[in-house]
Every structure is written in structure tokens, then in C-alpha cells.
Amino acid sequence: MKVELILFFVYLYTQLAFFATREVEALEELTWEYGAGRLLTGEVKKRLIEVLSKIVERHQKARASVTDEMVDAFMAVRPLPHMFS
């Protein structure tokens with residue numbers, strides 16, 4: 001395997017591990033399959049895209065439900081008790 005491919009896989013794996021932490025078994029299988037040459041880098045990228053697409057879709061739905069009143073309440077100046085004591 002070329003070093004560039006290994007480094008790219010490590011990057012993809014790190015992203016998957018961060019965003020899909022509940023899928024430990026799937027990540028382990030992905031590592032073995034890729035290491036054995038039965039899984040291509042493009043397939044790993046596709047899996048990462050699937051994971052990130054779900055996250056982005058959830059975020060977009062949540063963002064669409066935010067009202068101006070919610071933003072104003074969040075951004076309002078308020079005391080922070082016990083901040084520096």
C-alpha cells in the first residue's frame with residue numbers, strides 16, 4: 001500500500017470514529033476489510049459521506065425550527081453567577 005493511501009485512510013477513519021462513535025464494531029470491520037484490500041478508499045469515503053449527511057440533515061432541521069425569539073433569548077445579556085469567585 002502506498003503511504004498516501006494509508007494516511008488518507010487514517011484521516012477518514014479518524015473522522016468516522018469521531019462522528020460515528022457508537023459504531024465501534026463497524027469501524028473495526030472497516031479497518032480489517034480495508035487492510036485486507038477488500039474495501040477501497042472510495043467506499044470508506046462513501047461511508048463517511050453517509051454519516052456526515054445524516055448529521056448535516058439533523059442540523060438543518062434543527063436550525064430551521066429556530067425562531068427569532070429563541071435567538072434573542074439565547075443572545076440576551078444575563079448574569080453569570082459564581083463565574084469568578
# chains A, B, ... in the order shown; residues from 1 in each chain; ligands from 1
$ residues_around --residues "region 48-63 of chain A" --least-positions-apart "6" --cutoff "9 Å" --atoms "only C-alpha atoms" --output "number ranges by chain"
A: 12-13, 15-16, 19-20
$ residues_around --residues "region 27-30 of chain A" --least-positions-apart "3" --cutoff "12 Å" --atoms "only C-alpha atoms" --output "ChimeraX atom specification"
/A:9-10,12-24,33-41,43-45,47-48
$ atom_distance --atom1 "CA of Gly42 (chain A)" --atom2 "CA of Tyr11 (chain A)"
13.1 Å
$ atom_distance --atom1 "CA of Phe8 (chain A)" --atom2 "CA of Ala26 (chain A)"
18.5 Å
$ select_by_dssp --residues "region 19-79 of chain A" --states "helix (DSSP H, G or I)" --output "VMD selection string"
chain A and resid 19 24 to 35 41 to 64 68 to 75
